[in-house]
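Text of the file upload_26.tsv, holding TSV, C-alpha atoms and all ligand atoms:
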chain	number	residue	atom	x	y	z
P	1	MET	CA	-23.05	12.42	56.27
P	2	SER	CA	-23.87	15.74	57.95
P	3	GLU	CA	-21.86	16.83	60.98
P	4	VAL	CA	-23.02	15.37	64.29
P	5	ILE	CA	-23.45	18.07	66.92
P	6	PHE	CA	-23.30	16.75	70.45
P	7	ALA	CA	-24.36	18.55	73.63
P	8	ASP	CA	-22.00	21.21	75.00
P	9	ARG	CA	-21.79	19.34	78.30
P	10	LEU	CA	-19.91	16.50	76.63
P	11	GLN	CA	-17.64	18.67	74.48
P	12	ASN	CA	-14.66	18.56	76.79
P	13	LEU	CA	-15.18	15.07	78.09
P	14	SER	CA	-13.13	12.15	76.89
P	15	GLY	CA	-13.61	8.54	77.99
P	16	SER	CA	-11.93	7.55	81.22
P	17	ILE	CA	-8.22	6.94	80.67
P	18	ILE	CA	-8.47	4.13	83.19
P	19	ARG	CA	-11.08	2.35	81.07
P	20	GLU	CA	-8.70	2.74	78.09
P	21	ILE	CA	-5.80	1.30	80.09
P	22	LEU	CA	-8.01	-1.55	81.25
P	23	LYS	CA	-8.70	-2.44	77.62
P	24	LEU	CA	-4.97	-2.47	76.99
P	25	THR	CA	-4.34	-4.69	79.96
P	26	ALA	CA	-7.00	-7.23	79.04
P	27	GLN	CA	-4.27	-9.25	77.30
P	28	PRO	CA	-3.80	-12.35	79.42
P	29	ASP	CA	-0.01	-12.08	79.73
P	30	ILE	CA	-0.02	-8.59	81.26
P	31	ILE	CA	0.31	-8.14	85.00
P	32	SER	CA	-2.04	-5.28	85.71
P	33	PHE	CA	-1.96	-3.12	88.81
P	34	ALA	CA	-4.17	-0.65	86.96
P	35	GLY	CA	-7.87	-1.12	87.75
P	36	GLY	CA	-9.51	-0.80	91.14
P	37	MET	CA	-10.96	-4.25	90.92
P	38	PRO	CA	-11.65	-6.57	93.82
P	39	ALA	CA	-10.20	-10.09	93.64
P	40	PRO	CA	-12.82	-12.29	91.94
P	41	GLY	CA	-11.86	-15.10	94.31
P	42	THR	CA	-13.47	-13.09	97.12
P	43	PHE	CA	-16.88	-12.99	95.45
P	44	PRO	CA	-19.36	-15.19	97.36
P	45	VAL	CA	-20.43	-16.91	94.14
P	46	LYS	CA	-22.08	-19.99	95.64
P	47	GLU	CA	-23.88	-18.01	98.34
P	48	LEU	CA	-25.18	-15.45	95.84
P	49	GLN	CA	-26.29	-18.24	93.54
P	50	GLU	CA	-28.25	-19.83	96.39
P	51	ALA	CA	-29.66	-16.44	97.35
P	52	ALA	CA	-30.79	-15.84	93.75
P	53	VAL	CA	-32.47	-19.25	93.49
P	54	GLU	CA	-34.23	-18.59	96.79
P	55	ALA	CA	-35.39	-15.18	95.50
P	56	PHE	CA	-36.78	-16.69	92.29
P	57	THR	CA	-38.51	-19.47	94.23
P	58	GLU	CA	-40.06	-17.30	96.91
P	59	PHE	CA	-40.68	-14.02	95.11
P	60	GLY	CA	-40.41	-14.77	91.37
P	61	PRO	CA	-43.28	-12.67	89.94
P	62	GLN	CA	-42.83	-9.87	92.49
P	63	MET	CA	-39.10	-9.64	91.78
P	64	LEU	CA	-39.62	-9.66	88.03
P	65	GLN	CA	-42.16	-6.83	88.21
P	66	TYR	CA	-41.20	-3.12	88.33
P	67	GLY	CA	-40.25	-2.00	91.84
P	68	ALA	CA	-40.15	1.23	93.84
P	69	THR	CA	-37.47	3.75	92.87
P	70	GLU	CA	-36.36	4.01	96.53
P	71	GLY	CA	-35.45	0.32	96.50
P	72	TYR	CA	-36.56	-3.00	97.95
P	73	VAL	CA	-37.73	-2.22	101.49
P	74	PRO	CA	-36.22	-5.29	103.26
P	75	LEU	CA	-32.83	-4.47	101.74
P	76	ARG	CA	-33.12	-0.78	102.68
P	77	GLN	CA	-33.96	-1.88	106.22
P	78	TRP	CA	-31.03	-4.30	106.35
P	79	ILE	CA	-28.55	-1.70	105.11
P	80	ALA	CA	-29.96	0.94	107.50
P	81	ASP	CA	-29.62	-1.43	110.48
P	82	TRP	CA	-26.10	-2.47	109.49
P	83	LEU	CA	-24.95	1.13	109.08
P	84	SER	CA	-26.63	2.14	112.35
P	85	LYS	CA	-24.52	-0.43	114.17
P	86	LYS	CA	-21.53	1.36	112.65
P	87	GLY	CA	-22.50	4.78	113.95
P	88	ILE	CA	-24.42	6.14	110.95
P	89	LYS	CA	-27.98	7.12	111.82
P	90	ALA	CA	-29.75	5.37	108.97
P	91	THR	CA	-33.42	4.46	108.70
P	92	VAL	CA	-35.50	3.15	105.81
P	93	ASP	CA	-36.67	6.71	105.17
P	94	ASN	CA	-33.22	8.19	104.74
P	95	THR	CA	-31.80	5.25	102.76
P	96	LEU	CA	-32.03	5.10	98.98
P	97	LEU	CA	-30.75	2.11	97.03
P	98	ILE	CA	-28.80	3.06	93.94
P	99	SER	CA	-27.11	1.33	91.01
P	100	GLY	CA	-23.62	1.53	92.53
P	101	SER	CA	-22.23	4.57	94.34
P	102	GLN	CA	-21.30	5.94	90.91
P	103	GLN	CA	-25.00	6.57	90.41
P	104	GLY	CA	-25.17	8.28	93.81
P	105	LEU	CA	-22.56	10.77	92.61
P	106	ASP	CA	-24.64	11.46	89.53
P	107	LEU	CA	-27.90	11.86	91.45
P	108	ALA	CA	-26.43	14.10	94.14
P	109	VAL	CA	-24.86	16.41	91.59
P	110	LYS	CA	-27.99	16.34	89.41
P	111	ALA	CA	-29.98	17.48	92.46
P	112	PHE	CA	-27.69	20.40	93.34
P	113	ILE	CA	-25.53	21.65	90.50
P	114	ASN	CA	-26.50	24.13	87.82
P	115	LYS	CA	-23.96	24.91	85.11
P	116	GLY	CA	-21.12	26.88	86.68
P	117	ASP	CA	-21.97	26.11	90.33
P	118	THR	CA	-18.92	25.57	92.47
P	119	MET	CA	-17.85	22.21	93.90
P	120	PHE	CA	-14.79	21.67	96.07
P	121	LEU	CA	-12.87	18.43	95.85
P	122	GLU	CA	-9.70	16.68	96.90
P	123	ASN	CA	-6.65	16.88	94.69
P	124	PRO	CA	-5.98	14.25	93.32
P	125	THR	CA	-9.41	12.58	93.30
P	126	PHE	CA	-11.49	9.77	91.76
P	127	LEU	CA	-11.73	10.15	88.02
P	128	GLY	CA	-15.22	8.65	87.71
P	129	ALA	CA	-16.51	11.40	90.00
P	130	VAL	CA	-14.79	14.15	88.02
P	131	GLN	CA	-16.40	12.81	84.83
P	132	THR	CA	-19.81	13.11	86.46
P	133	PHE	CA	-19.12	16.61	87.80
P	134	ASN	CA	-17.94	17.73	84.36
P	135	THR	CA	-21.08	16.33	82.75
P	136	TYR	CA	-23.09	18.75	84.90
P	137	GLU	CA	-20.63	21.54	84.02
P	138	ALA	CA	-19.71	22.26	87.63
P	139	ASN	CA	-16.97	24.75	88.42
P	140	LEU	CA	-14.44	22.43	90.08
P	141	VAL	CA	-12.10	23.83	92.72
P	142	ALA	CA	-9.38	21.47	93.90
P	143	ILE	CA	-8.36	21.88	97.55
P	144	ASP	CA	-4.79	21.06	98.53
P	145	CYS	CA	-4.18	17.71	100.15
P	146	ASP	CA	-1.26	16.19	102.01
P	147	GLU	CA	-0.60	12.61	103.12
P	148	HIS	CA	-3.55	12.95	105.56
P	149	GLY	CA	-6.06	14.12	102.96
P	150	MET	CA	-7.67	17.51	102.51
P	151	LYS	CA	-5.88	20.33	104.36
P	152	MET	CA	-8.34	22.17	106.53
P	153	ASP	CA	-6.43	25.47	106.43
P	154	ALA	CA	-6.51	25.37	102.62
P	155	LEU	CA	-10.24	24.59	102.73
P	156	GLU	CA	-10.98	27.47	105.11
P	157	LYS	CA	-9.03	29.86	102.93
P	158	ALA	CA	-10.95	28.73	99.84
P	159	LEU	CA	-14.25	29.08	101.72
P	160	GLN	CA	-13.45	32.71	102.48
P	161	GLU	CA	-13.07	33.31	98.75
P	162	GLN	CA	-15.82	31.16	97.22
P	163	GLN	CA	-19.10	29.53	98.20
P	164	PRO	CA	-19.33	25.89	97.10
P	165	LYS	CA	-22.66	24.14	96.86
P	166	LEU	CA	-21.05	20.75	97.35
P	167	LEU	CA	-17.76	19.36	98.57
P	168	TYR	CA	-16.77	15.91	97.36
P	169	SER	CA	-14.60	13.80	99.64
P	170	ILE	CA	-13.41	10.21	99.93
P	171	PRO	CA	-12.16	10.50	103.50
P	172	THR	CA	-11.28	6.85	104.06
P	173	PHE	CA	-8.63	5.05	101.97
P	174	GLN	CA	-8.99	7.59	99.22
P	175	ASN	CA	-8.90	6.78	95.52
P	176	PRO	CA	-6.25	7.31	94.18
P	177	SER	CA	-4.00	8.32	97.11
P	178	GLY	CA	-4.94	5.63	99.65
P	179	ASN	CA	-4.86	8.36	102.34
P	180	THR	CA	-7.25	8.67	105.26
P	181	LEU	CA	-8.51	11.88	106.83
P	182	PRO	CA	-7.68	11.95	110.58
P	183	LEU	CA	-10.39	12.43	113.22
P	184	GLU	CA	-9.61	16.09	113.94
P	185	ARG	CA	-9.90	16.99	110.25
P	186	ARG	CA	-13.14	15.02	109.96
P	187	LYS	CA	-14.63	16.99	112.83
P	188	LYS	CA	-13.41	20.24	111.32
P	189	LEU	CA	-14.81	19.38	107.89
P	190	VAL	CA	-18.36	18.75	109.13
P	191	GLU	CA	-18.10	21.85	111.33
P	192	LEU	CA	-17.12	23.95	108.29
P	193	ALA	CA	-20.01	22.51	106.25
P	194	ALA	CA	-22.44	23.74	108.92
P	195	LYS	CA	-20.68	27.11	109.30
P	196	TYR	CA	-20.36	27.89	105.59
P	197	ASN	CA	-23.55	26.13	104.52
P	198	PHE	CA	-22.50	23.58	101.93
P	199	PHE	CA	-23.21	19.86	101.60
P	200	ILE	CA	-20.59	17.15	101.64
P	201	ILE	CA	-20.77	14.09	99.40
P	202	GLU	CA	-18.95	11.45	101.45
P	203	ASP	CA	-17.98	8.68	99.05
P	204	ASP	CA	-17.14	5.59	101.09
P	205	PRO	CA	-16.73	2.47	98.95
P	206	TYR	CA	-13.53	1.40	100.76
P	207	GLY	CA	-14.24	2.32	104.39
P	208	TRP	CA	-14.83	-1.26	105.57
P	209	LEU	CA	-11.58	-2.54	104.06
P	210	ARG	CA	-9.24	-1.63	106.93
P	211	TYR	CA	-6.02	-3.63	107.36
P	212	HIS	CA	-4.13	-1.59	109.94
P	213	GLY	CA	-4.83	1.11	112.52
P	214	GLU	CA	-7.92	2.25	114.38
P	215	GLU	CA	-11.36	2.53	112.82
P	216	LEU	CA	-12.51	6.15	112.43
P	217	PRO	CA	-16.06	7.49	112.41
P	218	THR	CA	-17.43	8.39	108.98
P	219	LEU	CA	-18.21	12.06	108.32
P	220	LYS	CA	-21.87	11.01	108.33
P	221	ALA	CA	-21.51	9.67	111.87
P	222	LEU	CA	-20.11	13.06	112.99
P	223	ASP	CA	-22.69	15.03	111.03
P	224	LYS	CA	-25.00	16.74	113.55
P	225	ALA	CA	-26.23	19.41	111.11
P	226	ASP	CA	-27.30	16.87	108.45
P	227	LYS	CA	-24.88	18.23	105.88
P	228	VAL	CA	-23.52	14.90	104.64
P	229	ILE	CA	-24.82	12.83	101.74
P	230	TYR	CA	-23.25	9.45	102.44
P	231	LEU	CA	-22.62	7.01	99.59
P	232	GLY	CA	-21.80	3.36	100.22
P	233	SER	CA	-21.55	0.35	97.95
P	234	SER	CA	-21.62	-3.42	97.85
P	235	SER	CA	-19.04	-3.34	95.04
P	236	LYS	CA	-15.86	-3.79	97.06
P	237	ILE	CA	-17.31	-5.85	99.90
P	238	VAL	CA	-19.57	-8.27	97.96
P	239	ALA	CA	-19.37	-7.97	94.15
P	240	PRO	CA	-19.29	-4.96	91.81
P	241	GLY	CA	-21.32	-6.68	89.08
P	242	ALA	CA	-24.37	-6.59	91.36
P	243	ARG	CA	-24.42	-2.76	90.94
P	244	VAL	CA	-26.03	-2.08	94.30
P	245	GLY	CA	-25.09	0.89	96.43
P	246	TRP	CA	-26.82	3.12	98.99
P	247	ALA	CA	-27.22	6.81	99.66
P	248	ILE	CA	-28.01	8.10	103.16
P	249	ALA	CA	-29.13	11.70	103.42
P	250	GLN	CA	-31.87	13.87	104.86
P	251	PRO	CA	-35.24	12.92	103.33
P	252	ASP	CA	-35.73	16.13	101.30
P	253	ILE	CA	-32.39	15.59	99.55
P	254	LEU	CA	-33.18	11.92	98.99
P	255	ARG	CA	-36.54	12.91	97.50
P	256	LYS	CA	-34.74	14.96	94.86
P	257	MET	CA	-32.35	12.10	94.20
P	258	VAL	CA	-35.31	9.73	93.82
P	259	ILE	CA	-36.82	12.02	91.18
P	260	GLY	CA	-33.47	12.06	89.40
P	261	LYS	CA	-33.25	8.29	89.60
P	262	GLN	CA	-36.75	7.80	88.20
P	263	ALA	CA	-35.61	9.57	85.07
P	264	ALA	CA	-32.34	7.65	84.95
P	265	ASP	CA	-33.17	3.97	85.47
P	266	VAL	CA	-36.56	3.75	87.28
P	267	HIS	CA	-35.00	1.58	89.98
P	268	THR	CA	-31.97	-0.56	90.67
P	269	SER	CA	-32.31	-4.08	89.25
P	270	ASN	CA	-34.69	-6.13	91.38
P	271	LEU	CA	-32.71	-9.27	90.57
P	272	SER	CA	-29.68	-7.72	92.22
P	273	GLN	CA	-31.56	-6.22	95.13
P	274	TYR	CA	-33.48	-9.38	96.06
P	275	THR	CA	-30.42	-11.57	95.62
P	276	LEU	CA	-28.26	-9.28	97.72
P	277	TYR	CA	-30.91	-9.12	100.42
P	278	ASN	CA	-31.23	-12.91	100.59
P	279	TYR	CA	-27.47	-13.13	100.92
P	280	LEU	CA	-27.18	-10.38	103.55
P	281	LYS	CA	-30.00	-11.71	105.71
P	282	ARG	CA	-27.77	-14.68	106.52
P	283	ASN	CA	-25.75	-12.14	108.53
P	284	VAL	CA	-22.47	-13.21	107.03
P	285	LEU	CA	-21.28	-9.82	105.77
P	286	ASP	CA	-19.01	-8.83	108.65
P	287	GLU	CA	-17.33	-12.23	108.55
P	288	HIS	CA	-17.00	-12.01	104.78
P	289	ILE	CA	-15.41	-8.56	105.04
P	290	ALA	CA	-12.97	-9.91	107.65
P	291	HIS	CA	-11.85	-12.59	105.14
P	292	ILE	CA	-11.42	-10.02	102.36
P	293	CYS	CA	-9.39	-7.82	104.70
P	294	GLU	CA	-7.13	-10.71	105.64
P	295	GLU	CA	-6.38	-11.42	101.97
P	296	TYR	CA	-5.89	-7.78	100.96
P	297	ARG	CA	-3.80	-6.98	104.04
P	298	ALA	CA	-1.34	-9.70	103.05
P	299	LYS	CA	-1.24	-8.44	99.44
P	300	CYS	CA	-0.82	-4.81	100.43
P	301	ASP	CA	1.94	-5.57	102.93
P	302	PHE	CA	3.70	-7.78	100.40
P	303	MET	CA	3.51	-5.20	97.62
P	304	LEU	CA	5.01	-2.58	99.95
P	305	GLU	CA	7.77	-5.02	100.91
P	306	VAL	CA	8.75	-5.86	97.32
P	307	MET	CA	8.54	-2.20	96.29
P	308	GLY	CA	11.16	-1.55	98.99
P	309	LYS	CA	13.32	-4.21	97.36
P	310	TYR	CA	12.92	-3.31	93.67
P	311	PHE	CA	11.97	0.36	93.30
P	312	PRO	CA	14.56	3.11	92.87
P	313	LYS	CA	15.60	4.82	96.10
P	314	GLU	CA	14.17	8.18	94.97
P	315	ALA	CA	10.62	6.82	94.71
P	316	THR	CA	8.38	7.50	97.72
P	317	TRP	CA	4.99	6.08	98.65
P	318	ASN	CA	2.37	5.90	101.37
P	319	ALA	CA	1.57	2.80	103.41
P	320	PRO	CA	-2.24	2.81	103.24
P	321	GLU	CA	-4.20	1.50	106.24
P	322	GLY	CA	-6.83	0.02	103.93
P	323	GLY	CA	-8.57	0.27	100.57
P	324	LEU	CA	-7.15	-0.92	97.27
P	325	PHE	CA	-4.37	1.49	96.30
P	326	ILE	CA	-0.76	2.49	96.86
P	327	TRP	CA	0.23	5.93	95.58
P	328	ILE	CA	3.77	6.53	94.37
P	329	THR	CA	5.63	9.77	93.83
P	330	LEU	CA	8.77	9.86	91.69
P	331	PRO	CA	11.17	12.79	91.55
P	332	ALA	CA	10.12	15.74	89.35
P	333	GLY	CA	10.93	15.11	85.68
P	334	TYR	CA	9.58	11.57	85.55
P	335	ASN	CA	6.54	11.23	83.30
P	336	THR	CA	4.48	8.22	84.30
P	337	THR	CA	2.25	8.37	81.19
P	338	LYS	CA	5.38	7.79	79.07
P	339	ILE	CA	6.66	5.22	81.55
P	340	LEU	CA	3.37	3.32	81.16
P	341	GLU	CA	4.09	2.82	77.44
P	342	GLU	CA	7.43	1.22	78.34
P	343	ALA	CA	5.89	-0.79	81.14
P	344	VAL	CA	3.18	-2.25	78.89
P	345	LYS	CA	5.89	-3.41	76.46
P	346	ASP	CA	7.36	-5.25	79.45
P	347	LYS	CA	3.90	-6.66	80.27
P	348	VAL	CA	3.14	-4.70	83.41
P	349	ALA	CA	0.57	-1.91	83.81
P	350	PHE	CA	-0.45	0.77	86.31
P	351	VAL	CA	-2.43	4.01	86.20
P	352	PRO	CA	-0.46	7.24	85.71
P	353	GLY	CA	-1.35	9.83	88.36
P	354	SER	CA	-1.91	12.98	86.29
P	355	PRO	CA	-5.55	12.27	85.19
P	356	PHE	CA	-6.56	12.31	88.86
P	357	TYR	CA	-5.57	15.98	89.16
P	358	VAL	CA	-8.40	18.20	87.94
P	359	HIS	CA	-6.19	21.18	87.13
P	360	GLY	CA	-3.17	19.27	85.77
P	361	GLY	CA	0.06	18.25	87.49
P	362	GLY	CA	1.06	14.95	89.07
P	363	GLU	CA	2.98	13.75	85.99
P	364	ASN	CA	5.50	12.11	88.33
P	365	THR	CA	2.88	10.11	90.26
P	366	LEU	CA	1.23	6.73	89.73
P	367	ARG	CA	-1.35	4.48	91.34
P	368	LEU	CA	-0.96	0.77	91.99
P	369	ASN	CA	-3.75	-1.66	92.84
P	370	PHE	CA	-2.86	-4.76	94.84
P	371	SER	CA	-6.23	-6.52	95.36
P	372	ASN	CA	-6.57	-8.09	91.92
P	373	SER	CA	-3.12	-9.74	91.60
P	374	SER	CA	-1.71	-12.91	93.12
P	375	MET	CA	1.35	-12.77	95.39
P	376	GLU	CA	3.39	-14.22	92.55
P	377	GLN	CA	2.15	-11.54	90.13
P	378	ILE	CA	2.92	-8.87	92.71
P	379	GLU	CA	6.52	-10.07	93.07
P	380	THR	CA	7.08	-10.45	89.30
P	381	GLY	CA	5.20	-7.28	88.31
P	382	ILE	CA	6.84	-5.01	90.87
P	383	LYS	CA	10.27	-6.34	89.92
P	384	LYS	CA	9.56	-5.57	86.25
P	385	LEU	CA	8.19	-2.16	87.10
P	386	GLY	CA	11.28	-1.42	89.18
P	387	GLU	CA	13.41	-2.26	86.12
P	388	VAL	CA	11.29	0.00	83.89
P	389	LEU	CA	11.61	2.86	86.41
P	390	ALA	CA	15.39	2.37	86.56
P	391	LYS	CA	15.56	2.42	82.72
P	392	THR	CA	13.47	5.58	82.47
P	393	ALA	CA	15.29	7.49	85.26
P	394	VAL	CA	15.76	11.18	84.47
P	401	LIG	C1	-14.04	6.52	95.12
P	401	LIG	C2	-15.01	5.73	94.32
P	401	LIG	N1	-16.29	6.06	94.32
P	401	LIG	C3	-17.21	5.36	93.64
P	401	LIG	C4	-16.85	4.26	92.90
P	401	LIG	C5	-17.91	3.55	92.11
P	401	LIG	O1	-18.25	2.38	92.75
P	401	LIG	P1	-19.58	1.56	92.44
P	401	LIG	O2	-19.14	0.27	91.89
P	401	LIG	O3	-20.26	1.45	93.78
P	401	LIG	O4	-20.40	2.36	91.49
P	401	LIG	C6	-15.52	3.86	92.86
P	401	LIG	C7	-15.12	2.70	92.06
P	401	LIG	O5	-14.02	2.31	91.92
P	401	LIG	C8	-14.57	4.61	93.59
P	401	LIG	O6	-13.27	4.30	93.59
Starting from the file, give its structure as C-alpha cells.
Amino acid sequence: MSEVIFADRLQNLSGSIIREILKLTAQPDIISFAGGMPAPGTFPVKELQEAAVEAFTEFGPQMLQYGATEGYVPLRQWIADWLSKKGIKATVDNTLLISGSQQGLDLAVKAFINKGDTMFLENPTFLGAVQTFNTYEANLVAIDCDEHGMKMDALEKALQEQQPKLLYSIPTFQNPSGNTLPLERRKKLVELAAKYNFFIIEDDPYGWLRYHGEELPTLKALDKADKVIYLGSSSKIVAPGARVGWAIAQPDILRKMVIGKQAADVHTSNLSQYTLYNYLKRNVLDEHIAHICEEYRAKCDFMLEVMGKYFPKEATWNAPEGGLFIWITLPAGYNTTKILEEAVKDKVAFVPGSPFYVHGGGENTLRLNFSNSSMEQIETGIKKLGEVLAKTAV
C-alpha cells in the first residue's frame, strides 16, 4: 500500500499517555489512581433517567430534531442564572453550550490561533488542553508556577518579551497540581490581560468541588475588561458522559466559537441538553454538589493521611483544597514513568508527572486521583505504592 501522508499539524502528536494508562488499568484487579474520573456512585442516575423520560414525553419530536448551535435556550438560561448567582455575569447571549469543556478549548483556540501564534500556559498543565493547542500549532510558552499557581512576576517578565494571543489557566484546583491561584494573583492576572491585551481561557471544571478553605471569585467574576473566556462543565458535578459544558465570553468571541462549532458538531446532543435541563430545573444541583464534596473531602483527607503513613519521608505533596488530584514530588533522580511499570506489576497505577510539562522535566513527579477509589482501595493502593517507591529509591 502507498505511504499515508497525514497533515503536518498531527505529525508531532501522539495519543494521550493518560488514555494509554487508562487502557492498562482497565484490568479489574488494578487499583487505579490514574484517571481524573468522578465516582460513578455520585451520578444522579435515577434522576437523569426520570429527566430523560420527561424530555421524551414532553418534547420528543422537538428534541429529536436538529437544534441551534448555541444550545437549548432554557438550559442556557438556567446555566446563566446559576453562574450569575456565583458572581459571573452570564446571560443567554454570552452563554454557549458545548460538548464538554474540552470542546470549548478547541473552539477558543480555533477562533484565535494561527500557526505559530503564542499562547502562555501554566507549567505543568492539563494534557488534553496541550493536545488541542498543538493541533493548532500554537507556540506554547510555559510560565513558571509554584504551589500557589502561576507566578505573576514570571508572567510579567514573559509579557515584556513576548505578546501572547491567549493565556490558558486552570486557576482553581488545577489539573494536575491541585493548586489554587490566590485572590491577589487572580486580580493581577486579569489586570495584566487588560494591560497587555491578551485573552485568558479560564478552564474551571473543578471550581465547585471545594472541600476546605474559602471560596474565591473566578477570574471571570473579576474580569472588568471582558478579557476572560470562561469554560465550565457538567462533567465533574453531574456526569461526564452527558458531554455538556458551557462557555461564557463576550458575544463577538462567542459568535466565532459558534461558527467553529457549526463546522465541528452542529450542536451539542439535544438528548443530553434536554435531559440535563429537566434535571437542573428541579434546583437540586447545589445540594448534589454538597454531597459530592462531602464524599470527596473524606477520600482526599484519607488519602493524605495514609500517604503520611506509607510514603517515603523524602516525598512531598500538596494538600489540595478541592478538585480531584494530589500532586507528589519525589527527590531528583526518581523516574515516575519507570516506577509506573513496577507499580502496575504490583496492581496499582498513577499518572507520571512529566507529560504535563510542555517543555520536559518533572520526571520525579506524579499525580494521584482520589475520587474514583473506595476508602479500602485508597488504603491498600497507597500502601502498595509506598512499597514500590521504597523499592525504587535512588
Ligand atoms: C482541566 C480540564 N479541563 C477540561 C477537561 C475536559 O472536561 P469535559 O469533560 O468537560 O470535556 C478536563 C477533564 O478532565 C480537565 O481536567
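Using all atoms listed in the file, the smallest distance between any of P:Ser2, P:Gln102, P:Asn335, P:Gln49 and ligand LIG 401 (chain P) comes from P:Gln102.
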For ligand LIG 401 (chain P), return the neighbouring residues as an mmCIF file with C-alpha atoms, in the frame of the given file (distance at most 8 Å; all atoms listed in the file).
data_model
loop_
_atom_site.group_PDB
_atom_site.id
_atom_site.type_symbol
_atom_site.label_atom_id
_atom_site.label_comp_id
_atom_site.auth_asym_id
_atom_site.auth_seq_id
_atom_site.Cartn_x
_atom_site.Cartn_y
_atom_site.Cartn_z
ATOM 1 C CA GLY P 36 -9.510 -0.800 91.140
ATOM 2 C CA MET P 37 -10.960 -4.250 90.920
ATOM 3 C CA SER P 99 -27.110 1.330 91.010
ATOM 4 C CA GLY P 100 -23.620 1.530 92.530
ATOM 5 C CA SER P 101 -22.230 4.570 94.340
ATOM 6 C CA GLN P 102 -21.300 5.940 90.910
ATOM 7 C CA GLN P 103 -25.000 6.570 90.410
ATOM 8 C CA GLY P 104 -25.170 8.280 93.810
ATOM 9 C CA LEU P 105 -22.560 10.770 92.610
ATOM 10 C CA THR P 125 -9.410 12.580 93.300
ATOM 11 C CA PHE P 126 -11.490 9.770 91.760
ATOM 12 C CA GLY P 128 -15.220 8.650 87.710
ATOM 13 C CA ALA P 129 -16.510 11.400 90.000
ATOM 14 C CA ILE P 170 -13.410 10.210 99.930
ATOM 15 C CA GLN P 174 -8.990 7.590 99.220
ATOM 16 C CA ASN P 175 -8.900 6.780 95.520
ATOM 17 C CA PRO P 176 -6.250 7.310 94.180
ATOM 18 C CA ASP P 203 -17.980 8.680 99.050
ATOM 19 C CA ASP P 204 -17.140 5.590 101.090
ATOM 20 C CA PRO P 205 -16.730 2.470 98.950
ATOM 21 C CA TYR P 206 -13.530 1.400 100.760
ATOM 22 C CA GLY P 232 -21.800 3.360 100.220
ATOM 23 C CA SER P 233 -21.550 0.350 97.950
ATOM 24 C CA SER P 234 -21.620 -3.420 97.850
ATOM 25 C CA SER P 235 -19.040 -3.340 95.040
ATOM 26 C CA LYS P 236 -15.860 -3.790 97.060
ATOM 27 C CA PRO P 240 -19.290 -4.960 91.810
ATOM 28 C CA GLY P 241 -21.320 -6.680 89.080
ATOM 29 C CA ARG P 243 -24.420 -2.760 90.940
ATOM 30 C CA VAL P 244 -26.030 -2.080 94.300
ATOM 31 C CA GLY P 245 -25.090 0.890 96.430
#
(Q) Give me, as an NGL selection string, all polymer residues having an atom no more than 7 Å from Pro182 in chain P, counting all atoms listed in the file and skipping those fewer than 3 positions away in the same chain. (A) :P and (148 or 185-186)
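For the pair CA of Tyr230 in chain P and CA of Glu294 in chain P, the interatomic distance is 26.0 Å.
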Q: Please provide the set of residues having any atom within 9 Å of range 153-168 of chain P, restricted to only C-alpha atoms, with same-chain residues fewer than 5 positions apart removed, written as a PyMOL selection string.
A: chain P and resi 109+112-113+117-122+129+141+143-145+189+192-193+196-203
**Q.** Distance of CA of Gly353 in chain P from CA of Thr336 in chain P, expressed in Å to one decimal place
**A.** 7.3 Å
Q: Calculate how many Å separate CA of Ala319 in chain P from CA of Phe370 in chain P, rounding to one decimal.
A: 12.3 Å
Q.
Set the distance at 10 Å and use only C-alpha atoms: which residues neighbour Trp82 in chain P once local chain neighbours fewer than 6 positions away are removed? I'd like the list as a list in words.
A. Arg76, Ile88, Ala90, Leu280, Asn283, Leu285 and Asp286 of chain P
For Met257 in chain P, list every protein, DNA or RNA residue within 12 Å, evaluated using all atoms listed in the file, and leave out those in the same chain fewer than 5 positions away; present the list as a PDB file with C-alpha atoms, keeping the file's coordinate frame.
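Okay, this is what ended up in around_20.pdb:
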ATOM      1  CA  THR P  69     -37.470   3.750  92.870  1.00  0.00           C
ATOM      2  CA  GLU P  70     -36.360   4.010  96.530  1.00  0.00           C
ATOM      3  CA  ASN P  94     -33.220   8.190 104.740  1.00  0.00           C
ATOM      4  CA  THR P  95     -31.800   5.250 102.760  1.00  0.00           C
ATOM      5  CA  LEU P  96     -32.030   5.100  98.980  1.00  0.00           C
ATOM      6  CA  LEU P  97     -30.750   2.110  97.030  1.00  0.00           C
ATOM      7  CA  ILE P  98     -28.800   3.060  93.940  1.00  0.00           C
ATOM      8  CA  GLN P 103     -25.000   6.570  90.410  1.00  0.00           C
ATOM      9  CA  GLY P 104     -25.170   8.280  93.810  1.00  0.00           C
ATOM     10  CA  LEU P 105     -22.560  10.770  92.610  1.00  0.00           C
ATOM     11  CA  ASP P 106     -24.640  11.460  89.530  1.00  0.00           C
ATOM     12  CA  LEU P 107     -27.900  11.860  91.450  1.00  0.00           C
ATOM     13  CA  ALA P 108     -26.430  14.100  94.140  1.00  0.00           C
ATOM     14  CA  VAL P 109     -24.860  16.410  91.590  1.00  0.00           C
ATOM     15  CA  LYS P 110     -27.990  16.340  89.410  1.00  0.00           C
ATOM     16  CA  ALA P 111     -29.980  17.480  92.460  1.00  0.00           C
ATOM     17  CA  PHE P 112     -27.690  20.400  93.340  1.00  0.00           C
ATOM     18  CA  ILE P 229     -24.820  12.830 101.740  1.00  0.00           C
ATOM     19  CA  TRP P 246     -26.820   3.120  98.990  1.00  0.00           C
ATOM     20  CA  ALA P 247     -27.220   6.810  99.660  1.00  0.00           C
ATOM     21  CA  ILE P 248     -28.010   8.100 103.160  1.00  0.00           C
ATOM     22  CA  ALA P 249     -29.130  11.700 103.420  1.00  0.00           C
ATOM     23  CA  GLN P 250     -31.870  13.870 104.860  1.00  0.00           C
ATOM     24  CA  PRO P 251     -35.240  12.920 103.330  1.00  0.00           C
ATOM     25  CA  ASP P 252     -35.730  16.130 101.300  1.00  0.00           C
ATOM     26  CA  GLN P 262     -36.750   7.800  88.200  1.00  0.00           C
ATOM     27  CA  ALA P 263     -35.610   9.570  85.070  1.00  0.00           C
ATOM     28  CA  ALA P 264     -32.340   7.650  84.950  1.00  0.00           C
ATOM     29  CA  ASP P 265     -33.170   3.970  85.470  1.00  0.00           C
ATOM     30  CA  VAL P 266     -36.560   3.750  87.280  1.00  0.00           C
ATOM     31  CA  HIS P 267     -35.000   1.580  89.980  1.00  0.00           C
TER      32      HIS P 267
END
